[in-house]
Amino acid sequence: MNRSRLAFLLIVGAAVILVGAGVVLDQLDNSSTSTNSGDAEETNNTTAVTLTLAVSPVGADWIEAAGKTYNAERRRVNGRVVEIRVTQQDSLPVWNSPGAWSARDHPVIWIPEMAQAVTYAHEVGMDFSIRQPSLASTVMLWGAPSDRAQVLTGQFDTFNWTSVQQASAASLWEAIGGESDWRFFKPGFAQPDRYMSGVAALLIATAEFHGQPDLNAALLNDPALIKWLKPVFESVPNFASLGVYPAQAIATRGTSVADVALLPENEWLVNYKSLTTKVGALTLVYPDYQVWFDFPFAVWDGAEITDQERAAADDFLNFLLSDQQQRQAAAFGLRGADGVPAEPTLFDEAASAGVSAIRPPGERIQLPSRNDITPFVNRDWTAF
């Protein structure tokens with residue numbers, strides 16, 4: 001081999017070595033950057049685990065805040081970062097309106113208002129399993145500006161569905177001893193064919209009307225009950241104005257939206273300061289019959305869910321059950337699973353209005369079967 005050919009081969013070999021070394025160094029640098037940056041792409045080309053979560057609007061504020069905190073911590077399960085994506089979904093369309101979700105289109109995690117919603121959903125093919133029966137809880141609560149509540153109790157001795165029905169039938173506040181400038185009596189609750197909190201309000205009405213907590217199809221669809229409720233629905237100013245959060249609507253627009261309402265307790269609590277600023281002192285009263293929202297943690301049970309996703313879901317469940325997050329739940333007006341808030345600050349602030357941090361009174365309503373409740377829910381409540 002002549003000298004020129006040998007020199008040429010040596011130069012080519014050196015170039016190959018330099019290029020190869022550069023590629024290795026570049027890969028090492030990229031690996032270091034990926035590991036330290038916390039991006040979705042992790043070491044060894046492992047991507048983050050993203051879990052979709054649907055939560056009832058009643059408990060959404062807490063879960064959305066918890067999801068943001070969890071994601072910011074970049075928590076890892078089996079070496080992979082977990083990301084929670086939260087959306088709001090009332091459970092009523094899930095089990096009452098075929099097509100809201102399907103076996104191919106559903107979240108991995110579901111936190112509905114109550115465990116019974118999961119039972120109802122099973123009957124329409126939604127394969128969720130409850131991993132925790134209750135993350136927190138809240139109940140229903142009557143509320144009104146104190147001057148109006150005093151008129152109700154003065155005229156009818158009580159502040160409950162019976163007095164609200166009688167006041168609705170009278171139509172005008174002046175007719176029951178109220179101020180003439182209050183004009184029409186305006187009850188409020190969430191629209192019952194759209195939101196479970198509205199359904200809960202009507203279940204309480206049904207239990208009070210019949211004087212018992214065990215409800216069935218005959219009691220729910222009793223013509224006498226429907227006739228009794230007619231003046232109430234005719235007195236609700238506008239369900240669209242009440243929206244999904246009636247307490248917030250009242251705090252914003254005042255008693256033109258409603259001047260008496262039956263709503264989840266946590267809605268009253270988180271809006272308490274704004275409400276008292278807008279409408280003055282409040283009176284809050286627990287009904288004699290009660291619907292509990294217990295917020296179960298359910299996970300899709302289909303074969304397509306991986307062990308990694310199940311482990312990630314369990315990690316977020318444990319995060320929600322931690323002492324810190326249970327105190328945060330109370331900061332959003334929610335009680336613990338035992339009915340007692342982990343941190344009673346909001347409850348103490350509203351104590352003068354009638355809120356209690358101990359387990360609330362009221363006989364718990366036994367929810368009917370899906371077959372029994374569906375005709376009741378699907379009734380056209382605006383057409384009498």
# chains A, B, ... in the order shown; residues from 1 in each chain; ligands from 1
>>> select_by_dssp(residues="region 108-330 of chain A", states="strand (DSSP E or B)", output="ChimeraX atom specification")
/A:109-111,128-132,137-145,172,184,187-188,214,260-264,282-285,289-290,292-293,297-300
>>> closest_residue(among="A:Pro192, A:Lys227, A:Asp90, A:Trp182", to="Pro145 (chain A)", atoms="only C-alpha atoms")
A:Trp182
>>> select_by_dssp(residues="region 37-112 of chain A", states="helix (DSSP H, G or I)", output="list in words")
Ser37, Thr43, Asn44, Asn45, Pro57, Val58, Gly59, Ala60, Asp61, Trp62, Ile63, Glu64, Ala65, Ala66, Gly67, Lys68, Thr69, Tyr70, Asn71, Ala72, Ser91, Leu92, Pro93, Val94, Trp95 and Asn96 of chain A
>>> residues_around(residues="Ala117 (chain A)", least_positions_apart="3", cutoff="12 Å", atoms="only C-alpha atoms", output="JSON, numbers by chain")
{"A": [55, 56, 90, 91, 92, 93, 94, 95, 96, 110, 111, 112, 113, 114, 120, 121, 122, 123, 124, 126, 128, 129, 130, 133, 196, 293, 294, 295, 296, 297, 298, 367, 368, 369, 370, 373]}
>>> write_last_selection(atoms="N, CA and C atoms", output="short mmCIF file (atom, residue, chain, number, x, y, z; two decimals), in the first residue's frame")
data_model
loop_
_atom_site.label_atom_id
_atom_site.label_comp_id
_atom_site.auth_asym_id
_atom_site.auth_seq_id
_atom_site.Cartn_x
_atom_site.Cartn_y
_atom_site.Cartn_z
N VAL A 55 -65.57 14.93 37.29
CA VAL A 55 -66.04 15.16 38.65
C VAL A 55 -67.35 15.94 38.62
N SER A 56 -68.21 15.65 39.57
CA SER A 56 -69.45 16.40 39.71
C SER A 56 -69.18 17.87 39.93
N ASP A 90 -71.79 16.44 35.51
CA ASP A 90 -72.86 16.01 36.39
C ASP A 90 -73.21 14.57 36.05
N SER A 91 -73.52 13.77 37.06
CA SER A 91 -73.77 12.34 36.81
C SER A 91 -75.09 12.08 36.12
N LEU A 92 -76.03 13.01 36.21
CA LEU A 92 -77.38 12.76 35.67
C LEU A 92 -77.37 12.34 34.20
N PRO A 93 -76.69 13.08 33.30
CA PRO A 93 -76.67 12.64 31.89
C PRO A 93 -75.97 11.31 31.67
N VAL A 94 -75.03 10.95 32.56
CA VAL A 94 -74.28 9.71 32.37
C VAL A 94 -75.19 8.51 32.47
N TRP A 95 -76.07 8.49 33.48
CA TRP A 95 -76.93 7.31 33.66
C TRP A 95 -78.35 7.51 33.13
N ASN A 96 -78.69 8.74 32.74
CA ASN A 96 -80.06 9.00 32.31
C ASN A 96 -80.17 9.31 30.82
N TRP A 110 -63.73 8.63 37.80
CA TRP A 110 -65.01 9.33 37.91
C TRP A 110 -65.30 9.60 39.38
N ILE A 111 -65.58 10.86 39.70
CA ILE A 111 -65.98 11.24 41.06
C ILE A 111 -67.37 11.88 40.95
N PRO A 112 -68.42 11.07 40.97
CA PRO A 112 -69.79 11.61 40.88
C PRO A 112 -70.25 12.15 42.23
N GLU A 113 -71.47 12.66 42.28
CA GLU A 113 -72.02 13.20 43.51
C GLU A 113 -72.19 12.13 44.59
N MET A 114 -72.60 10.95 44.15
CA MET A 114 -72.93 9.92 45.13
C MET A 114 -72.66 8.53 44.56
N TYR A 120 -76.32 3.26 39.24
CA TYR A 120 -77.19 3.57 38.09
C TYR A 120 -76.42 3.43 36.78
N ALA A 121 -75.17 3.89 36.75
CA ALA A 121 -74.39 3.87 35.51
C ALA A 121 -74.08 2.45 35.06
N HIS A 122 -73.90 1.53 36.02
CA HIS A 122 -73.67 0.14 35.65
C HIS A 122 -74.80 -0.39 34.78
N GLU A 123 -76.01 0.07 35.06
CA GLU A 123 -77.18 -0.44 34.34
C GLU A 123 -77.24 0.04 32.89
N VAL A 124 -76.43 1.02 32.54
CA VAL A 124 -76.38 1.47 31.14
C VAL A 124 -75.00 1.18 30.54
N MET A 126 -71.85 1.31 31.93
CA MET A 126 -70.64 2.03 32.35
C MET A 126 -69.92 1.20 33.42
N PHE A 128 -67.57 1.04 35.80
CA PHE A 128 -66.72 1.65 36.81
C PHE A 128 -66.77 0.84 38.11
N SER A 129 -65.63 0.77 38.79
CA SER A 129 -65.57 0.15 40.11
C SER A 129 -65.19 1.21 41.15
N ILE A 130 -65.88 1.21 42.25
CA ILE A 130 -65.60 2.18 43.32
C ILE A 130 -64.39 1.72 44.11
N PRO A 133 -65.32 4.60 48.79
CA PRO A 133 -66.74 4.95 48.81
C PRO A 133 -67.02 6.42 49.04
N MET A 196 -77.91 16.86 39.40
CA MET A 196 -78.28 15.99 40.52
C MET A 196 -78.61 16.79 41.77
N PHE A 293 -74.34 13.81 49.51
CA PHE A 293 -73.38 13.67 48.41
C PHE A 293 -72.09 13.15 49.03
N ASP A 294 -71.65 11.96 48.62
CA ASP A 294 -70.49 11.34 49.28
C ASP A 294 -69.26 11.21 48.38
N PHE A 295 -69.34 11.61 47.14
CA PHE A 295 -68.18 11.71 46.24
C PHE A 295 -67.29 10.46 46.25
N PRO A 296 -67.76 9.35 45.72
CA PRO A 296 -66.91 8.15 45.62
C PRO A 296 -65.83 8.34 44.56
N PHE A 297 -64.77 7.58 44.70
CA PHE A 297 -63.68 7.57 43.73
C PHE A 297 -63.81 6.27 42.94
N ALA A 298 -64.20 6.38 41.68
CA ALA A 298 -64.43 5.19 40.84
C ALA A 298 -63.45 5.18 39.67
N LEU A 367 -82.21 6.22 48.50
CA LEU A 367 -82.43 6.54 47.10
C LEU A 367 -83.10 5.38 46.37
N PRO A 368 -84.05 5.70 45.51
CA PRO A 368 -84.78 4.65 44.78
C PRO A 368 -83.91 4.01 43.70
N SER A 369 -84.42 2.94 43.11
CA SER A 369 -83.72 2.29 42.01
C SER A 369 -83.73 3.20 40.78
N ARG A 370 -82.88 2.88 39.82
CA ARG A 370 -82.84 3.67 38.60
C ARG A 370 -84.17 3.59 37.86
N ILE A 373 -86.56 6.01 39.61
CA ILE A 373 -86.27 7.45 39.61
C ILE A 373 -86.28 8.04 38.20
#
>>> closest_residue(among="A:Glu343, A:Glu234, A:Asp372, A:Asp222", to="Asp323 (chain A)", atoms="only C-alpha atoms")
A:Glu343
>>> residues_around(residues="Ala353 (chain A)", least_positions_apart="2", cutoff="6 Å", atoms="only C-alpha atoms", output="VMD selection string")
chain A and resid 282 to 284 350 to 351
>>> residues_around(residues="Arg310 (chain A)", least_positions_apart="2", cutoff="12 Å", atoms="only C-alpha atoms", output="PDB file with C-alpha atoms, in the first residue's frame")
ATOM      1  CA  VAL A  49     -49.187   8.787  32.282  1.00  0.00           C
ATOM      2  CA  THR A  50     -52.198  11.029  31.624  1.00  0.00           C
ATOM      3  CA  LEU A  51     -55.447  10.178  33.407  1.00  0.00           C
ATOM      4  CA  VAL A  77     -45.541   6.083  39.785  1.00  0.00           C
ATOM      5  CA  ASN A  78     -43.334   3.204  38.668  1.00  0.00           C
ATOM      6  CA  VAL A  82     -48.570  11.172  36.330  1.00  0.00           C
ATOM      7  CA  VAL A 108     -60.465   6.756  33.565  1.00  0.00           C
ATOM      8  CA  ILE A 109     -61.511   8.231  36.947  1.00  0.00           C
ATOM      9  CA  SER A 129     -65.565   0.148  40.112  1.00  0.00           C
ATOM     10  CA  ARG A 131     -62.127   2.240  44.866  1.00  0.00           C
ATOM     11  CA  ALA A 298     -64.429   5.193  40.838  1.00  0.00           C
ATOM     12  CA  VAL A 299     -62.063   3.812  38.177  1.00  0.00           C
ATOM     13  CA  TRP A 300     -62.972   2.341  34.792  1.00  0.00           C
ATOM     14  CA  ASP A 301     -62.740  -1.426  35.040  1.00  0.00           C
ATOM     15  CA  GLY A 302     -62.332  -2.383  31.366  1.00  0.00           C
ATOM     16  CA  ALA A 303     -59.497  -4.567  30.105  1.00  0.00           C
ATOM     17  CA  GLU A 304     -58.013  -1.644  28.161  1.00  0.00           C
ATOM     18  CA  ILE A 305     -56.972   0.092  31.387  1.00  0.00           C
ATOM     19  CA  THR A 306     -53.354  -0.803  32.115  1.00  0.00           C
ATOM     20  CA  ASP A 307     -51.798  -1.749  35.450  1.00  0.00           C
ATOM     21  CA  GLN A 308     -49.765   1.459  35.188  1.00  0.00           C
ATOM     22  CA  ALA A 312     -51.465   6.026  38.925  1.00  0.00           C
ATOM     23  CA  ALA A 313     -55.159   6.340  39.826  1.00  0.00           C
ATOM     24  CA  ASP A 314     -54.462   4.811  43.236  1.00  0.00           C
ATOM     25  CA  ASP A 315     -51.689   7.324  43.792  1.00  0.00           C
ATOM     26  CA  PHE A 316     -54.038  10.239  43.109  1.00  0.00           C
ATOM     27  CA  LEU A 317     -56.641   8.639  45.385  1.00  0.00           C
TER      28      LEU A 317
END
>>> atom_distance(atom1="CA of Gly354 (chain A)", atom2="CA of Phe233 (chain A)")
26.3 Å
>>> closest_residue(among="A:Glu309, A:Asp193, A:Glu363, A:Asp61", to="Glu267 (chain A)", atoms="only C-alpha atoms")
A:Asp61
>>> residues_around(residues="Leu334 (chain A)", least_positions_apart="6", cutoff="7 Å", atoms="only C-alpha atoms", output="VMD selection string")
chain A and resid 136 to 138 266 341
>>> write_last_selection(atoms="N, CA and C atoms", output="mmCIF file, in the first residue's frame")
data_model
loop_
_atom_site.group_PDB
_atom_site.id
_atom_site.type_symbol
_atom_site.label_atom_id
_atom_site.label_comp_id
_atom_site.auth_asym_id
_atom_site.auth_seq_id
_atom_site.Cartn_x
_atom_site.Cartn_y
_atom_site.Cartn_z
ATOM 1 N N ALA A 136 -65.196 12.800 50.450
ATOM 2 C CA ALA A 136 -65.676 13.935 51.231
ATOM 3 C C ALA A 136 -67.191 13.857 51.197
ATOM 4 N N SER A 137 -67.868 14.857 51.746
ATOM 5 C CA SER A 137 -69.326 14.830 51.708
ATOM 6 C C SER A 137 -69.890 16.231 51.844
ATOM 7 N N THR A 138 -71.133 16.374 51.411
ATOM 8 C CA THR A 138 -71.901 17.583 51.680
ATOM 9 C C THR A 138 -73.372 17.202 51.671
ATOM 10 N N ASN A 266 -72.041 23.182 50.653
ATOM 11 C CA ASN A 266 -70.757 23.782 50.297
ATOM 12 C C ASN A 266 -70.913 24.982 49.370
ATOM 13 N N PRO A 341 -66.143 18.289 58.992
ATOM 14 C CA PRO A 341 -65.060 18.894 58.207
ATOM 15 C C PRO A 341 -63.711 18.740 58.887
#
>>> closest_atom_pairs(of="region 46-163 of chain A", to="region 236-246 of chain A", cutoff="12 Å", atoms="only C-alpha atoms", output="tab-separated table")
residue	atom	partner	partner_atom	distance
A:Ser56	CA	A:Val244	CA	10.5
A:Pro57	CA	A:Val244	CA	7.5
A:Val58	CA	A:Tyr245	CA	8.3
A:Gly59	CA	A:Tyr245	CA	11.4
A:Ala60	CA	A:Tyr245	CA	11.3
A:Asp61	CA	A:Tyr245	CA	11.5
A:Gln88	CA	A:Val244	CA	11.0
A:Gln89	CA	A:Val244	CA	11.0
A:Asp90	CA	A:Val244	CA	9.4
A:Gly143	CA	A:Pro246	CA	11.2
>>> residues_around(residues="Asp259 (chain A)", least_positions_apart="6", cutoff="12 Å", atoms="only C-alpha atoms", output="VMD selection string")
chain A and resid 142 to 149 152 164 167 to 168 173 182 to 189 235 to 237 242 246 to 247 249 to 251 253 275 278 to 280 282 to 283
>>> write_last_selection(atoms="N, CA and C atoms", output="mmCIF file, in the first residue's frame")
data_model
loop_
_atom_site.group_PDB
_atom_site.id
_atom_site.type_symbol
_atom_site.label_atom_id
_atom_site.label_comp_id
_atom_site.auth_asym_id
_atom_site.auth_seq_id
_atom_site.Cartn_x
_atom_site.Cartn_y
_atom_site.Cartn_z
ATOM 1 N N TRP A 142 -81.371 24.609 53.174
ATOM 2 C CA TRP A 142 -82.212 25.754 52.833
ATOM 3 C C TRP A 142 -81.510 27.045 53.214
ATOM 4 N N GLY A 143 -81.702 28.070 52.402
ATOM 5 C CA GLY A 143 -81.139 29.371 52.738
ATOM 6 C C GLY A 143 -81.992 30.503 52.217
ATOM 7 N N ALA A 144 -81.965 31.631 52.939
ATOM 8 C CA ALA A 144 -82.697 32.829 52.528
ATOM 9 C C ALA A 144 -82.159 34.015 53.314
ATOM 10 N N PRO A 145 -82.294 35.241 52.791
ATOM 11 C CA PRO A 145 -82.016 36.409 53.614
ATOM 12 C C PRO A 145 -82.836 36.312 54.901
ATOM 13 N N SER A 146 -82.248 36.694 56.022
ATOM 14 C CA SER A 146 -82.889 36.470 57.318
ATOM 15 C C SER A 146 -84.246 37.147 57.441
ATOM 16 N N ASP A 147 -84.414 38.322 56.822
ATOM 17 C CA ASP A 147 -85.720 38.980 56.935
ATOM 18 C C ASP A 147 -86.812 38.156 56.252
ATOM 19 N N ARG A 148 -86.493 37.538 55.133
ATOM 20 C CA ARG A 148 -87.464 36.695 54.448
ATOM 21 C C ARG A 148 -87.693 35.379 55.201
ATOM 22 N N ALA A 149 -86.636 34.807 55.765
ATOM 23 C CA ALA A 149 -86.782 33.575 56.548
ATOM 24 C C ALA A 149 -87.667 33.814 57.769
ATOM 25 N N LEU A 152 -91.289 33.627 56.733
ATOM 26 C CA LEU A 152 -91.732 32.241 56.539
ATOM 27 C C LEU A 152 -92.027 31.563 57.869
ATOM 28 N N VAL A 164 -92.357 26.602 51.985
ATOM 29 C CA VAL A 164 -91.999 27.128 50.666
ATOM 30 C C VAL A 164 -93.126 26.863 49.668
ATOM 31 N N ALA A 167 -95.958 29.313 50.498
ATOM 32 C CA ALA A 167 -95.608 30.668 50.078
ATOM 33 C C ALA A 167 -95.661 30.793 48.561
ATOM 34 N N SER A 168 -95.256 29.739 47.856
ATOM 35 C CA SER A 168 -95.329 29.751 46.393
ATOM 36 C C SER A 168 -96.776 29.835 45.936
ATOM 37 N N TRP A 173 -95.064 38.021 48.410
ATOM 38 C CA TRP A 173 -94.574 38.133 49.784
ATOM 39 C C TRP A 173 -95.571 38.895 50.654
ATOM 40 N N TRP A 182 -90.831 43.403 48.038
ATOM 41 C CA TRP A 182 -90.199 42.119 47.714
ATOM 42 C C TRP A 182 -90.924 41.444 46.553
ATOM 43 N N ARG A 183 -92.136 41.868 46.346
ATOM 44 C CA ARG A 183 -92.978 41.409 45.244
ATOM 45 C C ARG A 183 -93.193 39.894 45.277
ATOM 46 N N PHE A 184 -92.841 39.185 44.201
ATOM 47 C CA PHE A 184 -93.183 37.766 44.093
ATOM 48 C C PHE A 184 -92.247 36.904 44.943
ATOM 49 N N PHE A 185 -92.828 35.840 45.501
ATOM 50 C CA PHE A 185 -92.031 34.833 46.204
ATOM 51 C C PHE A 185 -91.270 34.020 45.164
ATOM 52 N N LYS A 186 -89.944 33.876 45.342
ATOM 53 C CA LYS A 186 -89.100 33.271 44.300
ATOM 54 C C LYS A 186 -88.228 32.156 44.889
ATOM 55 N N PRO A 187 -88.708 30.919 44.836
ATOM 56 C CA PRO A 187 -87.877 29.798 45.288
ATOM 57 C C PRO A 187 -86.835 29.437 44.236
ATOM 58 N N GLY A 188 -85.787 28.747 44.656
ATOM 59 C CA GLY A 188 -84.742 28.353 43.709
ATOM 60 C C GLY A 188 -84.067 27.043 44.083
ATOM 61 N N PHE A 189 -83.648 26.310 43.086
ATOM 62 C CA PHE A 189 -82.837 25.099 43.202
ATOM 63 C C PHE A 189 -82.363 24.796 41.786
ATOM 64 N N SER A 235 -93.293 29.381 40.374
ATOM 65 C CA SER A 235 -92.728 30.548 41.059
ATOM 66 C C SER A 235 -91.227 30.703 40.853
ATOM 67 N N VAL A 236 -90.549 29.657 40.341
ATOM 68 C CA VAL A 236 -89.110 29.781 40.054
ATOM 69 C C VAL A 236 -88.940 30.757 38.900
ATOM 70 N N PRO A 237 -88.186 31.849 39.077
ATOM 71 C CA PRO A 237 -88.095 32.847 38.011
ATOM 72 C C PRO A 237 -87.512 32.315 36.706
ATOM 73 N N LEU A 242 -80.473 30.507 37.290
ATOM 74 C CA LEU A 242 -79.925 29.831 38.458
ATOM 75 C C LEU A 242 -78.668 29.047 38.089
ATOM 76 N N PRO A 246 -76.465 27.970 41.773
ATOM 77 C CA PRO A 246 -77.428 29.022 42.124
ATOM 78 C C PRO A 246 -76.944 29.984 43.202
ATOM 79 N N ALA A 247 -76.203 29.500 44.193
ATOM 80 C CA ALA A 247 -75.726 30.398 45.253
ATOM 81 C C ALA A 247 -74.821 31.483 44.678
ATOM 82 N N ALA A 249 -74.995 32.612 41.632
ATOM 83 C CA ALA A 249 -75.858 33.514 40.865
ATOM 84 C C ALA A 249 -76.558 34.505 41.791
ATOM 85 N N ILE A 250 -77.032 34.044 42.955
ATOM 86 C CA ILE A 250 -77.684 34.933 43.910
ATOM 87 C C ILE A 250 -76.681 35.936 44.467
ATOM 88 N N ALA A 251 -75.460 35.472 44.742
ATOM 89 C CA ALA A 251 -74.423 36.368 45.268
ATOM 90 C C ALA A 251 -74.052 37.448 44.260
ATOM 91 N N ARG A 253 -76.263 38.483 41.505
ATOM 92 C CA ARG A 253 -77.397 39.285 41.030
ATOM 93 C C ARG A 253 -78.492 39.501 42.061
ATOM 94 N N LEU A 275 -72.531 36.502 49.495
ATOM 95 C CA LEU A 275 -73.984 36.517 49.671
ATOM 96 C C LEU A 275 -74.401 37.532 50.729
ATOM 97 N N LYS A 278 -74.184 40.946 49.433
ATOM 98 C CA LYS A 278 -75.197 41.285 48.432
ATOM 99 C C LYS A 278 -76.601 41.370 49.017
ATOM 100 N N VAL A 279 -76.988 40.409 49.869
ATOM 101 C CA VAL A 279 -78.390 40.341 50.311
ATOM 102 C C VAL A 279 -78.553 40.523 51.816
ATOM 103 N N GLY A 280 -77.469 40.712 52.547
ATOM 104 C CA GLY A 280 -77.562 40.886 53.988
ATOM 105 C C GLY A 280 -77.447 39.562 54.731
ATOM 106 N N LEU A 282 -77.947 36.032 56.429
ATOM 107 C CA LEU A 282 -78.598 34.822 55.920
ATOM 108 C C LEU A 282 -79.108 33.950 57.062
ATOM 109 N N THR A 283 -80.158 33.201 56.772
ATOM 110 C CA THR A 283 -80.611 32.118 57.641
ATOM 111 C C THR A 283 -80.509 30.825 56.848
#
>>> decode(residues="region 228-256 of chain A", atoms="C-alpha atoms", output="mmCIF file, in the first residue's frame")
data_model
loop_
_atom_site.group_PDB
_atom_site.id
_atom_site.type_symbol
_atom_site.label_atom_id
_atom_site.label_comp_id
_atom_site.auth_asym_id
_atom_site.auth_seq_id
_atom_site.Cartn_x
_atom_site.Cartn_y
_atom_site.Cartn_z
ATOM 1 C CA TRP A 228 -98.411 20.048 45.237
ATOM 2 C CA LEU A 229 -95.155 21.005 43.494
ATOM 3 C CA LYS A 230 -96.855 22.877 40.659
ATOM 4 C CA PRO A 231 -96.934 26.339 42.333
ATOM 5 C CA VAL A 232 -93.278 25.961 43.308
ATOM 6 C CA PHE A 233 -92.156 25.432 39.714
ATOM 7 C CA GLU A 234 -94.425 28.226 38.535
ATOM 8 C CA SER A 235 -92.728 30.548 41.059
ATOM 9 C CA VAL A 236 -89.110 29.781 40.054
ATOM 10 C CA PRO A 237 -88.095 32.847 38.011
ATOM 11 C CA ASN A 238 -85.703 31.179 35.577
ATOM 12 C CA PHE A 239 -83.750 27.916 35.858
ATOM 13 C CA ALA A 240 -81.258 29.149 33.260
ATOM 14 C CA SER A 241 -80.434 32.135 35.474
ATOM 15 C CA LEU A 242 -79.925 29.831 38.458
ATOM 16 C CA GLY A 243 -77.504 27.682 36.436
ATOM 17 C CA VAL A 244 -75.313 24.964 37.910
ATOM 18 C CA TYR A 245 -74.304 27.159 40.904
ATOM 19 C CA PRO A 246 -77.428 29.022 42.124
ATOM 20 C CA ALA A 247 -75.726 30.398 45.253
ATOM 21 C CA GLN A 248 -73.109 32.079 43.083
ATOM 22 C CA ALA A 249 -75.858 33.514 40.865
ATOM 23 C CA ILE A 250 -77.684 34.933 43.910
ATOM 24 C CA ALA A 251 -74.423 36.368 45.268
ATOM 25 C CA THR A 252 -73.887 38.122 41.930
ATOM 26 C CA ARG A 253 -77.397 39.285 41.030
ATOM 27 C CA GLY A 254 -79.258 39.219 44.320
ATOM 28 C CA THR A 255 -82.813 38.161 45.158
ATOM 29 C CA SER A 256 -84.076 38.737 41.621
#
